[in-house]
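As structure tokens, the structure follows; a few thoughts come after it.
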There are 2 protein chains.
Amino acid sequence: MAKRLSSPSDYHGLLDKYDTWLFDCDGVLWQGDRLIEGVPEVLSLLRRSGKKIFFVTNNATKSRKNYKKKFDQLGVEAQVDEVFGSAYASAVYISSVMKLPKDKKVYVIGMKGLEEELDEEGIAHIGGTDPADNTLAEFHLKHFTPDPAVGAVLCGLDTSINYTKLSKAFTYLRRNADCVFLATNTDSTYPSAEGLLPGAGSISAPLACALGRQPLSIGKPAATMLDCIKAKYQFDPTRTIMVGDRLNTDIEFGKRGGLATLLVLTGITQESEVVGPEASSTVPDYFTNSIGDLRAALS
Amino acid sequence: MAKRLSSPSDYHGLLDKYDTWLFDCDGVLWQGDRLIEGVPEVLSLLRRSGKKIFFVTNNATKSRKNYKKKFDQLGVEAQVDEVFGSAYASAVYISSVMKLPKDKKVYVIGMKGLEEELDEEGIAHIGGTDPADNTLAEFHLKHFTPDPAVGAVLCGLDTSINYTKLSKAFTYLRRNADCVFLATNTDSTYPSAEGLLPGAGSISAPLACALGRQPLSIGKPAATMLDCIKAKYQFDPTRTIMVGDRLNTDIEFGKRGGLATLLVLTGITQESEVVGPEASSTVPDYFTNSIGDLRAALS
């Protein structure tokens, strides 16, 4: 059963128990472009207490460098190597876990941030923002010569999605049984600053439908994302806590990884989903109204 | 158990038992742009025997008039009102079954053939081939004013699919619980003359994913398509036979409608799926190699 945190000693206890803190961003640190009250103080407190901090987000349209800019704009201290987006995690997975040979390429359905992370890991890629694939001109299979070096299709949120990209990705995956079908994440919706829109899961859905199989998803709640963090950094899962606002991604992710979990109520999830007769089957170890509540540990 | 037809008396028997003949097109009458041997003779035999013929296809990119042109090009006699595509069926469903009020509109994800069928039924529509929605420019929810007259979203194969169309359709369906989510058909793939490509089901899949619910599908195997035929023509189901090449669409469609079913092996299905230890749970009443086999009844 989820424990509601309320007293200063509750928050002090949490600080004592956990050395590594993983934070989801949207709905936890900010809502759209509005910073949640107390975030800078709480992160500063954790840093002063010697805690290791990571920011773990499924948004794959931004590279870590782009994310760093958002933190800067909102006045929140963060380092590029503390930011762990599903674009970066996908690149790490392809290079370090899947170990795609250097002479192979990735066909990308996704945006610039995703390509930047692949570049950083030295992974060759085609598709993505290539103007030739960003077209609504009629697609002709007979004019398409598949690149035999493509060993994976990686699909993330792509607001330039079109039939040419879908047809090429489908052809790579259908004709070559060794071609790996990856998704940065499978969030069905994307909470843009202007409102809810189709998410990365909706962009890979046509391929999953046409192929009759699901992609391997890198982002939360899959353990893949945590494996990628582990491949780059060392930490003790039993002294690590995941802080998030969504039960089916953040909290599920923490639980699958053997981490403690803290839910905040500043995002998607309502308290009624955590306690009471309508509670979800996935509940966090702890919950509190807002990350700002941790300021009580300052007292 | 499926009965293999082989002798002239088998085919004579079929002609005696069934007055109304429904034919799938691709894989039954033709393969891509190649007519299957004996089709003109068999259709001519059925017509001379006083049989009523319908062509029942899930392809919603063509209107009946476009289909008539394909029949003409291949030298097969057919009338426009014998052709029953899922574009036409969708229009009939919206006007005659759903009875969308005349002051309401349909938001279309689909191509010209689908719009033509909506026009024929006098159904107002937006989206579709409108240049404003056929763009890869960034979509901004804040610049989009949903049309309050939209009472349904109809999704078919659309090779100009893009994020603007998906976002608009998603917004109509998410914000208005009374807006009906329709698909012309949900075939996962589309057998183009050049090879297999993502089908209509792959085009509605992003919406189904983002919304967390499936569309009402008009095409085979749903009974909706047969209801539409019945709304326009009268026939006795017990004296009607569906001829097709796919178990999960054509044969399932016939079975759900209480029709007899005849499978031909000139398309998707292999004989091993019909008889023997690996047979599907959906099998036809009869099967034969090719529709051309019915010429035996001429003897």
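In the structure tokens, the first chain shown is A, the next is B, and so on; residue numbers restart at 1 for each chain, and ligands run from 1 in the order shown.
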May I ask you to extract the residues of chain A within 10 Å of chain B, using only C-alpha atoms, and to give them as a ChimeraX atom specification? /A:134-143,158-164,166-168,170-171,174,186-190,192-212
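Every residue of stretch 132-226 of chain B with a DSSP assignment of alpha helix (DSSP H), taken from the backbone, is listed as B:Tyr163, B:Thr164, B:Lys165, B:Leu166, B:Ser167, B:Lys168, B:Ala169, B:Phe170, B:Thr171, B:Tyr172, B:Leu173, B:Arg174, B:Arg175, B:Ala200, B:Gly201, B:Ser202, B:Ile203, B:Ser204, B:Ala205, B:Pro206, B:Leu207, B:Ala208, B:Cys209, B:Ala210, B:Leu211, B:Ala223, B:Thr224, B:Met225, B:Leu226.
Residues in contact with stretch 223-229 of chain A at 9 Å, where only C-alpha atoms are counted and same-chain residues fewer than 2 positions away are skipped, are listed as A:Val56, A:Phe84, A:Gly85, A:Ser86, A:Ala89, A:Ser90, A:Val92, A:Tyr93, A:Ser96, A:Val97, A:Leu216, A:Ser217, A:Ile218, A:Gly219, A:Lys220, A:Pro221, A:Ala231, A:Lys232, A:Tyr233, A:Gln234, A:Phe253, A:Gly254, A:Arg256, A:Gly257.
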Please report the interatomic distance between atom CA of B:Gly258 and atom CA of B:Ala91 in Å with one decimal. 23.7 Å
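Within stretch 20-100 of chain A, DSSP applied to the backbone places the following residues in strand (DSSP E or B): Thr20, Trp21, Leu22, Phe23, Asp26, Trp30, Gln31, Arg34, Leu35, Lys52, Ile53, Phe54, Phe55, Val56, Thr57, Val83, Phe84 and Gly85 of chain A.
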Using only C-alpha atoms, determine which residues lie at most 8 Å from stretch 5-16 of chain B, disregarding the query and same-chain residues fewer than 5 positions distant; provide the list as a ChimeraX atom specification. /B:46,286-288,294,296-297,299
With N, CA, C and O atoms retained, write the just-selected residues as a PDB file, in the first residue's frame.
ATOM      1  N   LEU B  46     -22.747 -16.766 -65.064  1.00  0.00           N
ATOM      2  CA  LEU B  46     -23.632 -16.426 -63.942  1.00  0.00           C
ATOM      3  C   LEU B  46     -24.732 -15.463 -64.395  1.00  0.00           C
ATOM      4  O   LEU B  46     -25.905 -15.623 -64.058  1.00  0.00           O
ATOM      5  N   TYR B 286     -16.923 -24.166 -49.062  1.00  0.00           N
ATOM      6  CA  TYR B 286     -16.338 -24.779 -50.261  1.00  0.00           C
ATOM      7  C   TYR B 286     -15.001 -24.124 -50.577  1.00  0.00           C
ATOM      8  O   TYR B 286     -14.782 -22.972 -50.229  1.00  0.00           O
ATOM      9  N   PHE B 287     -14.151 -24.867 -51.264  1.00  0.00           N
ATOM     10  CA  PHE B 287     -12.966 -24.208 -51.827  1.00  0.00           C
ATOM     11  C   PHE B 287     -12.598 -24.858 -53.147  1.00  0.00           C
ATOM     12  O   PHE B 287     -12.962 -26.000 -53.417  1.00  0.00           O
ATOM     13  N   THR B 288     -11.913 -24.054 -53.959  1.00  0.00           N
ATOM     14  CA  THR B 288     -11.489 -24.517 -55.275  1.00  0.00           C
ATOM     15  C   THR B 288     -10.237 -23.724 -55.656  1.00  0.00           C
ATOM     16  O   THR B 288      -9.960 -22.695 -55.049  1.00  0.00           O
ATOM     17  N   LEU B 294     -15.013 -22.703 -62.242  1.00  0.00           N
ATOM     18  CA  LEU B 294     -16.468 -22.724 -62.416  1.00  0.00           C
ATOM     19  C   LEU B 294     -16.866 -22.892 -63.883  1.00  0.00           C
ATOM     20  O   LEU B 294     -18.021 -23.182 -64.181  1.00  0.00           O
ATOM     21  N   ALA B 296     -16.263 -25.301 -65.492  1.00  0.00           N
ATOM     22  CA  ALA B 296     -16.668 -26.712 -65.635  1.00  0.00           C
ATOM     23  C   ALA B 296     -18.181 -26.850 -65.706  1.00  0.00           C
ATOM     24  O   ALA B 296     -18.707 -27.802 -66.284  1.00  0.00           O
ATOM     25  N   ALA B 297     -18.892 -25.852 -65.102  1.00  0.00           N
ATOM     26  CA  ALA B 297     -20.357 -25.908 -65.126  1.00  0.00           C
ATOM     27  C   ALA B 297     -20.905 -25.612 -66.516  1.00  0.00           C
ATOM     28  O   ALA B 297     -22.088 -25.804 -66.776  1.00  0.00           O
ATOM     29  N   SER B 299     -19.900 -27.183 -69.099  1.00  0.00           N
ATOM     30  CA  SER B 299     -19.858 -28.413 -69.878  1.00  0.00           C
ATOM     31  C   SER B 299     -21.161 -29.192 -69.770  1.00  0.00           C
ATOM     32  O   SER B 299     -21.916 -29.024 -68.831  1.00  0.00           O
TER      33      SER B 299
END
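If you measure from each of A:Val80, A:Asp147, A:Leu100, A:Arg64 to A:Glu116 using only C-alpha atoms, the closest one turns out to be A:Arg64.
As for atom CA of A:Leu22 and atom CA of A:Met111, they are spaced 25.1 Å apart.
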Determine, counting only C-alpha atoms, which protein, DNA and RNA residues have an atom within 9 Å of an atom of A:Val108; residues of the same chain fewer than 5 positions away are not included. Present the result as a tab-separated table (two decimals) with N, CA, C and O atoms, in the first residue's frame.
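Output (out_31.tsv):
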chain	number	residue	atom	x	y	z
A	114	LEU	N	16.58	13.17	-31.91
A	114	LEU	CA	16.89	11.74	-31.96
A	114	LEU	C	18.13	11.49	-32.82
A	114	LEU	O	19.04	10.73	-32.44
A	115	GLU	N	18.19	12.16	-33.96
A	115	GLU	CA	19.36	12.03	-34.84
A	115	GLU	C	20.63	12.51	-34.13
A	115	GLU	O	21.70	11.91	-34.27
A	125	HIS	N	22.86	6.63	-39.62
A	125	HIS	CA	21.40	6.57	-39.76
A	125	HIS	C	20.94	7.24	-41.04
A	125	HIS	O	21.62	8.14	-41.56
A	126	ILE	N	19.78	6.80	-41.53
A	126	ILE	CA	19.14	7.42	-42.69
A	126	ILE	C	17.67	7.66	-42.34
A	126	ILE	O	17.21	7.26	-41.26
A	127	GLY	N	16.94	8.30	-43.24
A	127	GLY	CA	15.54	8.65	-42.94
A	127	GLY	C	15.50	9.89	-42.07
A	127	GLY	O	16.24	10.84	-42.31
A	128	GLY	N	14.66	9.88	-41.05
A	128	GLY	CA	14.60	11.00	-40.10
A	128	GLY	C	14.26	12.32	-40.77
A	128	GLY	O	13.21	12.45	-41.40
A	129	THR	N	15.18	13.28	-40.67
A	129	THR	CA	14.89	14.62	-41.22
A	129	THR	C	15.36	14.77	-42.68
A	129	THR	O	15.28	15.87	-43.23
A	152	ALA	N	18.33	-1.85	-38.29
A	152	ALA	CA	17.30	-1.54	-37.29
A	152	ALA	C	16.44	-0.38	-37.79
A	152	ALA	O	16.91	0.48	-38.54
A	153	VAL	N	15.18	-0.40	-37.38
A	153	VAL	CA	14.29	0.74	-37.57
A	153	VAL	C	14.01	1.28	-36.17
A	153	VAL	O	13.61	0.53	-35.28
A	154	LEU	N	14.25	2.58	-35.99
A	154	LEU	CA	14.00	3.23	-34.69
A	154	LEU	C	12.91	4.27	-34.88
A	154	LEU	O	13.05	5.19	-35.69
A	155	CYS	N	11.84	4.13	-34.11
A	155	CYS	CA	10.66	4.97	-34.30
A	155	CYS	C	10.37	5.78	-33.04
A	155	CYS	O	10.18	5.21	-31.96
A	156	GLY	N	10.37	7.09	-33.19
A	156	GLY	CA	10.01	7.99	-32.09
A	156	GLY	C	8.94	8.96	-32.53
A	156	GLY	O	8.45	8.86	-33.66
A	165	LYS	N	7.81	7.42	-45.23
A	165	LYS	CA	8.57	6.90	-44.08
A	165	LYS	C	7.98	5.58	-43.58
A	165	LYS	O	8.72	4.63	-43.30
A	169	ALA	N	10.03	2.03	-43.72
A	169	ALA	CA	10.28	1.31	-42.46
A	169	ALA	C	9.62	-0.07	-42.51
A	169	ALA	O	10.22	-1.08	-42.11
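Take the candidates B:Asp103, B:Glu82, B:Asp130, B:Asp245 and check each one against B:Asp26 using only C-alpha atoms; the shortest distance goes to B:Asp245.
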For A:Glu273, find every residue with an atom within 12 Å (counting only C-alpha atoms), except residues of its own chain fewer than 3 positions away, and show them as a JSON list (two decimals) with C-alpha atoms, in the first residue's frame.
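For reference, out_34.json as written:
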[["chain", "number", "residue", "atom", "x", "y", "z"],
["A", 1, "MET", "CA", 0.00, 0.00, 0.00],
["A", 2, "ALA", "CA", 1.21, 3.49, -0.88],
["A", 245, "ASP", "CA", 3.54, 11.43, -12.03],
["A", 246, "ARG", "CA", 2.33, 8.48, -14.12],
["A", 247, "LEU", "CA", 1.57, 5.03, -12.72],
["A", 248, "ASN", "CA", 1.85, 3.12, -16.01],
["A", 263, "LEU", "CA", 4.39, 9.55, -6.96],
["A", 265, "LEU", "CA", 0.08, 14.50, -7.80],
["A", 268, "ILE", "CA", -1.53, 12.81, -14.71],
["A", 269, "THR", "CA", -2.44, 10.65, -11.70],
["A", 270, "GLN", "CA", -5.21, 11.43, -9.19],
["A", 276, "GLY", "CA", -9.15, 3.61, -1.90],
["A", 277, "PRO", "CA", -11.53, 1.28, -3.73],
["A", 278, "GLU", "CA", -10.58, 2.49, -7.24],
["A", 279, "ALA", "CA", -6.82, 2.26, -6.75],
["A", 280, "SER", "CA", -4.72, 0.94, -9.61],
["A", 281, "SER", "CA", -2.92, -2.39, -9.38],
["A", 282, "THR", "CA", 0.33, -0.42, -9.77],
["A", 283, "VAL", "CA", 0.81, 1.86, -6.79],
["A", 284, "PRO", "CA", 3.97, 3.64, -5.61],
["A", 287, "PHE", "CA", 3.14, 9.60, -2.63]]
Tell me which of B:Asp81, B:Gly38, B:Phe23, B:Arg4 sits closest to B:Ile251, counting only C-alpha atoms. B:Phe23
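What separates atom CA of B:Ala177 from atom CA of B:Ser63 is a distance of 29.8 Å.
Nearest residue to A:Tyr107 among A:Ala149, A:Ala132, A:Leu29, A:Ile36 is A:Ala149, counting only C-alpha atoms.
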Closest to A:Lys65 among A:Glu117, A:Arg295, A:Gly50, A:Cys25, using only C-alpha atoms? A:Glu117
